[in-house]
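Student: One structure, pasted below without further comment.
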Protein chains: 2
Amino acid sequence: MALDDRKLDVLRAIVEDYVATQEPVGSKALVERHHLRVSPATVRNDMAALEEEGYIRQPHTSAGRVPTDRGYRLFVDKLSTIKPLSPAERRAIERFLVGAVDLDDVVHRTVRLLAQLTRQVAVVQYPSLARSAVRHLELVPISTTRLMVVMITDTGRVEQRLVELPTPMPETEVTELRTTINEKLSGRRLADAPPLVQALVDEAEPTQRTTVAALSSVLLETLVERTDERLALAGTANLARGLFDFQGSLRPILEALEEEVVLLKLIATEPSPAVTRVLIGDENEIEHLRGTSVVSTGYGPGSTAVGGMGVLGPTRMDYPATIATVSAVARYVGELLAQN
Amino acid sequence: MALDDRKLDVLRAIVEDYVATQEPVGSKALVERHHLRVSPATVRNDMAALEEEGYIRQPHTSAGRVPTDRGYRLFVDKLSTIKPLSPAERRAIERFLVGAVDLDDVVHRTVRLLAQLTRQVAVVQYPSLARSAVRHLELVPISTTRLMVVMITDTGRVEQRLVELPTPMPETEVTELRTTINEKLSGRRLADAPPLVQALVDEAEPTQRTTVAALSSVLLETLVERTDERLALAGTANLARGLFDFQGSLRPILEALEEEVVLLKLIATEPSPAVTRVLIGDENEIEHLRGTSVVSTGYGPGSTAVGGMGVLGPTRMDYPATIATVSAVARYVGELLAQN
DNA sequence: ACTGGCACTCGTTAACGTGGAGTGCCAGGA
DNA sequence: TCCTGGCACTCCACGTTAACGAGTGCCAGT
């Protein structure tokens with residue numbers, strides 16, 4: 001059974017009303033609010049068809065209709081147009097992001113901004129190390145057998161690790177080593193680093209060999225292999241807005257939100273095109289987060305994404321507005337990063 | 001009316017039972033579970049006295065008794081003894097904290113550990129910059145007019161800021177400046193830094209004067225004046241355990257937890273003795289957090305605290321166990337920091 | 001192909017009654 | 001003087017019942 005245009009109109013109206021009111025929507029209310037030019041009875045027939053196809057359902061007999069995940073999917077893909085941002089929102093974005101002093105600041109401001117604009121839970125991934133390049137590596141002697149390695153990337157991340165040296169190392173050699181390392185690694189992507197670090201060990205003076213080895217193993221393990229993704233979270237209070245919005249409790253959701261790995265999976269993004277994705281309800285792989293939807297996208301200077309960001313909320317969310325907001329914020333942040 | 005020993009026993013029993021069951025406790029249940037050697041009727045008289053004094057109250061006529069904030073306070077101050085940690089808990093602490101690779105790691109592990117052991121919301125403040133000393137200041141040229149300042153403190157914190165220079169600065173001068181700055185500031189507490197930084201500007205070569213001024217103003221503003229405290233949070237999912245545990249909703253609590261300033265106030269600690277503090281219900285200054293209790297303490301290498309940590313939960317919490325856990329974790333973390 | 005009418009379903013809400021846990025008080029006993 | 005058993009009372013929790021109304025499905029008519 002093909003769905004004709006009016007049936008799609010009805011579906012769109014149901015989604016919009018349900019998102020606005022959070023209550024099952026009936027045929028009568030529908031014809032009143034939207035200027036469908038037909039009677040409630042006709043709408044009921046259409047609803048029956050839509051239900052048949054799995055786009056809507058009734059919570060109980062003799063209740064109004066509610067969109068299913070499948071219904072939202074059709075709505076998002078075919079029936080909705082992205083809402084342009086209001087001038088107020090544009091201003092809010094600029095005002096919020098201007099004046100960030102460092103990467104931490106940018107990320108924190110961004111995540112709060114997203115949470116505030118969408119009134120949902122927001123997640124922002126720090127620029128992925130794997131997609132960053134080394135700008136500078138600094139070796140700071142803490143004691144004669146301890147070195148702090150500080151790595152600064154072109155995306156603004158600063159990571160540090162403490163290295164225990166097997167044998168003491170005089171200051172002059174540290175300086176020398178710093179120069180060598182920077183010559184080798186500066187400007188290189190971290191993804192390309194492992195062979196270069198290995199080369200460092202191979203080419204080291206015999207007397208320095210063990211020391212350099214200790215250093216390089218720390219570099220490899222903690223900075224490269226363990227893809228050390230960080231992220232920021234905000235807006236968890238929004239979960240408690242509709243109170244019993246989320247059927248059951250919010251416990252599983254809060255739990256999932258504490259698992260960084262889980263969150264990363266959610267907003268993980270392809271490096272290439274910064275497309276905005278929508279995961280609706282069951283499409284979500286994480287079991288605890290069935291019943292929630294995620295709108296996410298990548299961001300980065302230029303056209304390749306260095307990290308992801310997104311928001312999480314009830315499946316019943318205002319998709320057009322949310323998609324617009326997430327995309328816009330990501331674009332602004334990308335521009336901000338490009339300036340540095 | 002003085003409270004004799006038995007009345008205090010009754011109060012203790014009420015608190016313990018109520019914490020265990022979360023239900024108002026009646027006179028009959030009380031004599032059964034605790035071996036008070038008197039009849040329910042006697043206990044009822046004692047209860048009436050305790051209620052008179054404001055230590056307990058009845059949710060409704062003909063319901064059992066529930067401790068008031070004042071009752072918990074008396075319990076904590078006079079009636080409870082700190083529970084020693086179980087061997088399993090000791091092992092958990094060690095296992096959890098061993099193997100932390102850097103300060104971030106220590107803080108994150110600590111906060112998760114606290115949340116897990118107490119099954120409540122945990123907060124850990126990073127070592128306060130104001131109480132740290134400069135170990136090393138690094139200047140990394142990003143471009144000729146941009147410098148990244150990286151500060152490493154003796155507590156392991158690494159902070160960075162980008163400085164826009166009014167005029168280009170050649171690499172050699174950067175090196176020179178780095179040396180000068182480190183001579184001046186290394187080993188100094190950040191609290192003592194402002195005059196030293198000012199001196200730097202005054203003593204700078206006239207040609208460098210404006211550049212150094214730009215640098216120093218960034219240092220002062222972002223590293224010293226704005227006491228840039230960071231903190232980590234975990235265990236928010238524990239809020240949703242008792243579900244309607246917290247009367248009303250958890251929204252205000254989640255909101256408060258997102259305000260770093262608020263949290264800092266909660267666990268802020270005196271530098272000197274690492275005493276464990278308990279804030280019960282209304283004693284809490286933050287309005288949204290009335291109805292919750294906070295157990296917090298300071299931690300640091302040696303006997304002075306460089307930061308605070310604590311947990312937040314319902315007023316009806318197991319104070320002896322929580323106090324023991326928080327104190328123990330803080331002690332372990334202190335030892336860990338002392339090793340570095 | 002749409003519409004009005006109608007019987008039906010079922011969740012929501014309020015009113016009502018009952019059972020039981022817990023209390024306060026009192027009179028009697030150690 | 002302090003404790004105890006007994007007793008009447010209060011009031012929440014819970015289940016039952018009834019009325020209400022929003023919404024549906026179906027059907028016959030246009």
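Every chain in the structure tokens has a letter given in the order shown (A, B, ...), and although residue numbers restart at 1 in each chain, ligands are simply numbered from 1 in the order shown.
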Kindly provide, as a list in words, the residues of chain C having any atom no farther than 12 Å from an atom of chain A, counting only C-alpha atoms (C1' of nucleotides).

Tutor: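 Written out as asked, the residues are DA1, DC2, DT3, DG4, DG5, DC8, DT9, DC10, DG11 and DT12 of chain C.
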
Student: Please produce a file of those selected residues containing N, CA and C atoms (P, O5', C5', C4', C3', O3' and C1' of nucleotides), as a PDB file, in the first residue's frame.

Tutor:
ATOM      1  P    DA C   1     -10.291   5.551  -4.180  1.00  0.00           P
ATOM      2  O5'  DA C   1     -10.787   6.842  -3.394  1.00  0.00           O
ATOM      3  C5'  DA C   1     -10.801   8.086  -4.069  1.00  0.00           C
ATOM      4  C4'  DA C   1     -11.514   9.057  -3.195  1.00  0.00           C
ATOM      5  C3'  DA C   1     -11.027   9.073  -1.739  1.00  0.00           C
ATOM      6  O3'  DA C   1     -10.858  10.421  -1.329  1.00  0.00           O
ATOM      7  C1'  DA C   1     -13.364   8.736  -1.801  1.00  0.00           C
ATOM      8  P    DC C   2     -10.202  10.748   0.071  1.00  0.00           P
ATOM      9  O5'  DC C   2     -11.422  11.347   0.894  1.00  0.00           O
ATOM     10  C5'  DC C   2     -12.042  12.529   0.410  1.00  0.00           C
ATOM     11  C4'  DC C   2     -13.396  12.660   1.047  1.00  0.00           C
ATOM     12  C3'  DC C   2     -13.369  12.912   2.552  1.00  0.00           C
ATOM     13  O3'  DC C   2     -13.979  14.172   2.805  1.00  0.00           O
ATOM     14  C1'  DC C   2     -14.996  11.284   1.961  1.00  0.00           C
ATOM     15  P    DT C   3     -13.948  14.780   4.278  1.00  0.00           P
ATOM     16  O5'  DT C   3     -15.344  14.328   4.867  1.00  0.00           O
ATOM     17  C5'  DT C   3     -16.538  14.790   4.261  1.00  0.00           C
ATOM     18  C4'  DT C   3     -17.720  14.200   4.984  1.00  0.00           C
ATOM     19  C3'  DT C   3     -17.695  14.380   6.498  1.00  0.00           C
ATOM     20  O3'  DT C   3     -18.846  15.099   6.895  1.00  0.00           O
ATOM     21  C1'  DT C   3     -18.226  12.135   5.901  1.00  0.00           C
ATOM     22  P    DG C   4     -18.853  15.868   8.315  1.00  0.00           P
ATOM     23  O5'  DG C   4     -20.069  15.141   9.030  1.00  0.00           O
ATOM     24  C5'  DG C   4     -21.255  14.888   8.284  1.00  0.00           C
ATOM     25  C4'  DG C   4     -22.091  13.854   9.011  1.00  0.00           C
ATOM     26  C3'  DG C   4     -22.138  14.017  10.531  1.00  0.00           C
ATOM     27  O3'  DG C   4     -23.490  13.907  10.964  1.00  0.00           O
ATOM     28  C1'  DG C   4     -21.381  11.829   9.964  1.00  0.00           C
ATOM     29  P    DG C   5     -23.919  13.903  12.483  1.00  0.00           P
ATOM     30  O5'  DG C   5     -24.042  12.333  12.759  1.00  0.00           O
ATOM     31  C5'  DG C   5     -24.780  11.517  11.864  1.00  0.00           C
ATOM     32  C4'  DG C   5     -24.847  10.103  12.412  1.00  0.00           C
ATOM     33  C3'  DG C   5     -24.997  10.032  13.935  1.00  0.00           C
ATOM     34  O3'  DG C   5     -25.887   8.979  14.256  1.00  0.00           O
ATOM     35  C1'  DG C   5     -23.053   8.877  13.282  1.00  0.00           C
ATOM     36  P    DC C   8     -22.313  -1.674  21.776  1.00  0.00           P
ATOM     37  O5'  DC C   8     -20.739  -1.541  21.972  1.00  0.00           O
ATOM     38  C5'  DC C   8     -19.885  -1.769  20.847  1.00  0.00           C
ATOM     39  C4'  DC C   8     -18.464  -1.434  21.233  1.00  0.00           C
ATOM     40  C3'  DC C   8     -18.108  -1.787  22.690  1.00  0.00           C
ATOM     41  O3'  DC C   8     -16.928  -2.547  22.695  1.00  0.00           O
ATOM     42  C1'  DC C   8     -17.466   0.439  22.166  1.00  0.00           C
ATOM     43  P    DT C   9     -16.481  -3.268  24.068  1.00  0.00           P
ATOM     44  O5'  DT C   9     -14.990  -2.734  24.163  1.00  0.00           O
ATOM     45  C5'  DT C   9     -14.350  -2.283  22.963  1.00  0.00           C
ATOM     46  C4'  DT C   9     -13.108  -1.529  23.338  1.00  0.00           C
ATOM     47  C3'  DT C   9     -12.488  -1.902  24.688  1.00  0.00           C
ATOM     48  O3'  DT C   9     -11.095  -1.967  24.514  1.00  0.00           O
ATOM     49  C1'  DT C   9     -12.944   0.414  24.640  1.00  0.00           C
ATOM     50  P    DC C  10     -10.211  -2.753  25.562  1.00  0.00           P
ATOM     51  O5'  DC C  10      -9.665  -1.527  26.391  1.00  0.00           O
ATOM     52  C5'  DC C  10      -9.010  -0.469  25.702  1.00  0.00           C
ATOM     53  C4'  DC C  10      -8.782   0.669  26.659  1.00  0.00           C
ATOM     54  C3'  DC C  10      -8.400   0.229  28.076  1.00  0.00           C
ATOM     55  O3'  DC C  10      -7.402   1.099  28.534  1.00  0.00           O
ATOM     56  C1'  DC C  10     -10.193   1.710  28.163  1.00  0.00           C
ATOM     57  P    DG C  11      -6.246   0.561  29.441  1.00  0.00           P
ATOM     58  O5'  DG C  11      -5.558   1.906  29.914  1.00  0.00           O
ATOM     59  C5'  DG C  11      -5.278   2.896  28.937  1.00  0.00           C
ATOM     60  C4'  DG C  11      -5.605   4.270  29.465  1.00  0.00           C
ATOM     61  C3'  DG C  11      -5.061   4.558  30.867  1.00  0.00           C
ATOM     62  O3'  DG C  11      -4.569   5.887  30.906  1.00  0.00           O
ATOM     63  C1'  DG C  11      -7.416   4.839  30.848  1.00  0.00           C
ATOM     64  P    DT C  12      -3.742   6.357  32.153  1.00  0.00           P
ATOM     65  O5'  DT C  12      -4.658   7.478  32.791  1.00  0.00           O
ATOM     66  C5'  DT C  12      -5.447   8.318  31.935  1.00  0.00           C
ATOM     67  C4'  DT C  12      -6.378   9.151  32.776  1.00  0.00           C
ATOM     68  C3'  DT C  12      -5.866   9.448  34.200  1.00  0.00           C
ATOM     69  O3'  DT C  12      -6.040  10.833  34.455  1.00  0.00           O
ATOM     70  C1'  DT C  12      -8.036   8.497  34.297  1.00  0.00           C
TER      71       DT C  12
END

Student: When you get a sec, could you note down which chain A residues fall within 9 Å of chain B, using only C-alpha atoms, as an mmCIF file with N, CA and C atoms, in the first residue's frame?

Tutor:
data_model
loop_
_atom_site.group_PDB
_atom_site.id
_atom_site.type_symbol
_atom_site.label_atom_id
_atom_site.label_comp_id
_atom_site.auth_asym_id
_atom_site.auth_seq_id
_atom_site.Cartn_x
_atom_site.Cartn_y
_atom_site.Cartn_z
ATOM 1 N N VAL A 101 39.882 30.881 25.807
ATOM 2 C CA VAL A 101 41.320 31.108 25.907
ATOM 3 C C VAL A 101 42.172 29.920 25.473
ATOM 4 N N ASP A 102 41.626 28.735 25.566
ATOM 5 C CA ASP A 102 42.406 27.590 25.096
ATOM 6 C C ASP A 102 41.457 26.465 24.707
ATOM 7 N N LEU A 103 42.002 25.356 24.322
ATOM 8 C CA LEU A 103 41.166 24.278 23.814
ATOM 9 C C LEU A 103 40.164 23.792 24.850
ATOM 10 N N ARG A 135 52.894 19.361 17.150
ATOM 11 C CA ARG A 135 53.414 20.700 16.914
ATOM 12 C C ARG A 135 54.755 20.845 17.644
ATOM 13 N N HIS A 136 54.793 20.299 18.829
ATOM 14 C CA HIS A 136 56.022 20.429 19.605
ATOM 15 C C HIS A 136 56.034 19.381 20.708
ATOM 16 N N GLU A 138 57.964 18.610 24.288
ATOM 17 C CA GLU A 138 58.844 19.231 25.257
ATOM 18 C C GLU A 138 59.252 18.205 26.311
ATOM 19 N N VAL A 140 60.716 17.949 30.030
ATOM 20 C CA VAL A 140 61.021 18.738 31.221
ATOM 21 C C VAL A 140 61.579 17.810 32.290
ATOM 22 N N PRO A 141 62.818 18.029 32.691
ATOM 23 C CA PRO A 141 63.389 17.162 33.728
ATOM 24 C C PRO A 141 62.726 17.478 35.061
ATOM 25 N N ILE A 142 62.233 16.438 35.714
ATOM 26 C CA ILE A 142 61.633 16.597 37.027
ATOM 27 C C ILE A 142 62.686 16.267 38.078
ATOM 28 N N VAL A 150 55.796 16.600 27.413
ATOM 29 C CA VAL A 150 54.610 17.388 27.113
ATOM 30 C C VAL A 150 54.472 17.482 25.601
ATOM 31 N N ILE A 152 52.370 18.964 22.415
ATOM 32 C CA ILE A 152 51.392 19.949 21.965
ATOM 33 C C ILE A 152 51.033 19.628 20.520
ATOM 34 N N VAL A 158 47.076 19.475 24.652
ATOM 35 C CA VAL A 158 48.347 19.381 25.354
ATOM 36 C C VAL A 158 48.267 18.161 26.255
ATOM 37 N N GLU A 159 49.129 17.203 26.023
ATOM 38 C CA GLU A 159 49.103 15.969 26.811
ATOM 39 C C GLU A 159 50.446 15.782 27.483
ATOM 40 N N GLN A 160 50.405 15.287 28.696
ATOM 41 C CA GLN A 160 51.677 15.078 29.359
ATOM 42 C C GLN A 160 51.750 13.707 30.020
ATOM 43 N N ARG A 161 52.956 13.188 30.098
ATOM 44 C CA ARG A 161 53.179 11.912 30.768
ATOM 45 C C ARG A 161 54.493 11.978 31.523
ATOM 46 N N LEU A 162 54.529 11.241 32.602
ATOM 47 C CA LEU A 162 55.756 11.152 33.373
ATOM 48 C C LEU A 162 56.521 9.911 32.922
ATOM 49 N N THR A 222 51.059 5.403 25.515
ATOM 50 C CA THR A 222 50.024 6.268 26.068
ATOM 51 C C THR A 222 49.548 7.344 25.113
ATOM 52 N N ALA A 234 27.623 17.832 29.198
ATOM 53 C CA ALA A 234 26.855 18.858 29.904
ATOM 54 C C ALA A 234 25.371 18.653 29.684
ATOM 55 N N GLY A 235 24.594 19.216 30.567
ATOM 56 C CA GLY A 235 23.149 19.201 30.378
ATOM 57 C C GLY A 235 22.444 17.978 30.916
ATOM 58 N N THR A 236 23.115 17.215 31.769
ATOM 59 C CA THR A 236 22.439 16.022 32.298
ATOM 60 C C THR A 236 21.168 16.400 33.045
ATOM 61 N N ALA A 237 21.149 17.626 33.566
ATOM 62 C CA ALA A 237 19.940 18.035 34.288
ATOM 63 C C ALA A 237 18.730 18.047 33.360
ATOM 64 N N ASN A 238 18.975 18.221 32.077
ATOM 65 C CA ASN A 238 17.862 18.217 31.130
ATOM 66 C C ASN A 238 17.140 16.875 31.074
ATOM 67 N N LEU A 239 17.835 15.832 31.485
ATOM 68 C CA LEU A 239 17.201 14.516 31.488
ATOM 69 C C LEU A 239 16.027 14.490 32.444
ATOM 70 N N ALA A 240 16.135 15.277 33.486
ATOM 71 C CA ALA A 240 15.104 15.229 34.518
ATOM 72 C C ALA A 240 13.993 16.232 34.253
ATOM 73 N N ARG A 241 13.993 16.829 33.080
ATOM 74 C CA ARG A 241 12.987 17.834 32.799
ATOM 75 C C ARG A 241 11.593 17.244 32.730
ATOM 76 N N LEU A 243 10.664 14.727 33.656
ATOM 77 C CA LEU A 243 10.549 13.865 34.814
ATOM 78 C C LEU A 243 10.380 12.409 34.402
ATOM 79 N N SER A 249 13.440 4.466 34.421
ATOM 80 C CA SER A 249 14.127 5.531 35.146
ATOM 81 C C SER A 249 15.273 6.050 34.313
ATOM 82 N N LEU A 250 15.915 7.074 34.788
ATOM 83 C CA LEU A 250 17.051 7.570 34.041
ATOM 84 C C LEU A 250 18.343 6.925 34.475
ATOM 85 N N ARG A 251 18.242 6.030 35.400
ATOM 86 C CA ARG A 251 19.463 5.408 35.888
ATOM 87 C C ARG A 251 20.321 4.833 34.758
ATOM 88 N N PRO A 252 19.748 3.961 33.909
ATOM 89 C CA PRO A 252 20.590 3.388 32.853
ATOM 90 C C PRO A 252 21.181 4.453 31.944
ATOM 91 N N ILE A 253 20.451 5.525 31.743
ATOM 92 C CA ILE A 253 20.982 6.571 30.879
ATOM 93 C C ILE A 253 22.160 7.258 31.540
ATOM 94 N N LEU A 254 21.977 7.601 32.812
ATOM 95 C CA LEU A 254 23.082 8.233 33.534
ATOM 96 C C LEU A 254 24.295 7.307 33.553
ATOM 97 N N GLU A 255 24.021 6.027 33.698
ATOM 98 C CA GLU A 255 25.141 5.080 33.709
ATOM 99 C C GLU A 255 25.879 5.089 32.384
ATOM 100 N N ALA A 256 25.111 5.035 31.320
ATOM 101 C CA ALA A 256 25.736 5.027 29.999
ATOM 102 C C ALA A 256 26.549 6.306 29.796
ATOM 103 N N LEU A 257 26.026 7.404 30.295
ATOM 104 C CA LEU A 257 26.715 8.677 30.101
ATOM 105 C C LEU A 257 28.038 8.735 30.854
ATOM 106 N N GLU A 258 28.188 7.879 31.831
ATOM 107 C CA GLU A 258 29.461 7.896 32.568
ATOM 108 C C GLU A 258 30.525 7.051 31.879
#

Student: Could you list the residues in chain D lying within 9 Å of chain B, using only C-alpha atoms (C1' of nucleotides), and format the result as a list in words?

Tutor: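 Within 9 Å of chain B on chain D, we get DC3, DT4, DG5, DT10, DC11 and DC12 of chain D.
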
Student: Quick check, in Å to one decimal: how far apart do CA of Glu164 (chain B) and CA of Leu129 (chain A) lie?

Tutor: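 About the pair CA of Glu164 (chain B) and CA of Leu129 (chain A): they are 24.8 Å apart.
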
Student: Which value, in Å to one decimal, gives the distance between CA of Ala274 (chain B) and CA of Asp69 (chain B)?

Tutor: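 It comes out at 24.3 Å.
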
Student: Please run DSSP on the backbone and report, as a PyMOL selection string, all residues within region 22-148 of chain B that come out as alpha helix (DSSP H).

Tutor: chain B and resi 27-33+40-52+69-74+87-97+103-118

Student: So how many Å separate CA of Thr155 (chain A) and CA of Gly313 (chain A), to one decimal?

Tutor: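 Going from CA of Thr155 (chain A) over to CA of Gly313 (chain A), I get 29.0 Å.
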
Student: Give me the residues within 8 Å of region 325-332 of chain B as a PDB file with C-alpha atoms, in the first residue's frame, counting only C-alpha atoms (C1' of nucleotides) and dropping any in the same chain fewer than 2 places off.

Tutor:
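Output file selection.pdb follows:
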ATOM      1  CA  LEU B  85      37.284  -0.434  56.131  1.00  0.00           C
ATOM      2  CA  ILE B  93      41.514   1.255  46.772  1.00  0.00           C
ATOM      3  CA  GLU B  94      45.010   0.061  46.111  1.00  0.00           C
ATOM      4  CA  THR B 110      39.940   8.534  42.451  1.00  0.00           C
ATOM      5  CA  LEU B 114      34.866   7.053  45.537  1.00  0.00           C
ATOM      6  CA  LEU B 117      32.762   2.493  47.117  1.00  0.00           C
ATOM      7  CA  THR B 118      30.216   4.856  48.583  1.00  0.00           C
ATOM      8  CA  THR B 276      36.888  15.194  57.309  1.00  0.00           C
ATOM      9  CA  VAL B 295      31.149  14.281  53.330  1.00  0.00           C
ATOM     10  CA  SER B 296      34.370  15.919  52.278  1.00  0.00           C
ATOM     11  CA  THR B 297      38.000  16.188  53.180  1.00  0.00           C
ATOM     12  CA  GLY B 298      41.242  17.618  51.959  1.00  0.00           C
ATOM     13  CA  TYR B 299      44.094  15.682  50.462  1.00  0.00           C
ATOM     14  CA  GLY B 300      47.648  16.377  49.626  1.00  0.00           C
ATOM     15  CA  MET B 309      37.358  15.600  47.601  1.00  0.00           C
ATOM     16  CA  GLY B 310      34.047  14.327  48.816  1.00  0.00           C
ATOM     17  CA  VAL B 311      30.802  12.593  48.139  1.00  0.00           C
ATOM     18  CA  ALA B 321      31.044   4.032  56.411  1.00  0.00           C
ATOM     19  CA  THR B 322      31.109   7.042  54.121  1.00  0.00           C
ATOM     20  CA  ILE B 323      33.370   9.026  56.409  1.00  0.00           C
ATOM     21  CA  GLY B 334      47.968  11.881  49.453  1.00  0.00           C
ATOM     22  CA  GLU B 335      50.552   9.162  49.714  1.00  0.00           C
ATOM     23  CA  LEU B 336      50.451   8.650  45.987  1.00  0.00           C
TER      24      LEU B 336
END

Student: Within 12 Å of DC25 (chain C), counting only C-alpha atoms (C1' of nucleotides), which residues show up once you throw out same-chain ones fewer than 3 positions away? Write them as a list of chain:residue names, please.

Tutor: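 Non-adjacent residues within range: B:Ala41, B:Arg44, B:Asn45, D:DG6, D:DC7, D:DA8, D:DC9.
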
Student: Do you know which residues are at most 12 Å from DA7 (chain C) counting only C-alpha atoms (C1' of nucleotides), after dropping those on the same chain fewer than 5 positions away, and could you put them as an MDAnalysis selection string?

Tutor: chainID D and resid 24:27

Student: Enumerate, as number ranges by chain, the complete set of residues in region 177-330 of chain B that a backbone-based DSSP assignment places in strand (DSSP E or B).

Tutor: B: 189, 231-234, 277-279, 292-299, 307-314

Student: Just the residues within 9 Å of Arg109 (chain B), please, counting only C-alpha atoms (C1' of nucleotides), with nothing from its chain fewer than 6 positions along; format it as an NGL selection string.

Tutor: :B and (96-97 or 100)

Student: Using the selection just defined, write its residues with C-alpha atoms as a compact mmCIF listing (two decimals), in the first residue's frame.

Tutor:
# COMPACT_ATOMS: atom_id res chain seq x y z
CA PHE B 96 42.27 1.12 41.63
CA LEU B 97 44.91 3.71 42.21
CA ALA B 100 47.85 5.85 37.29
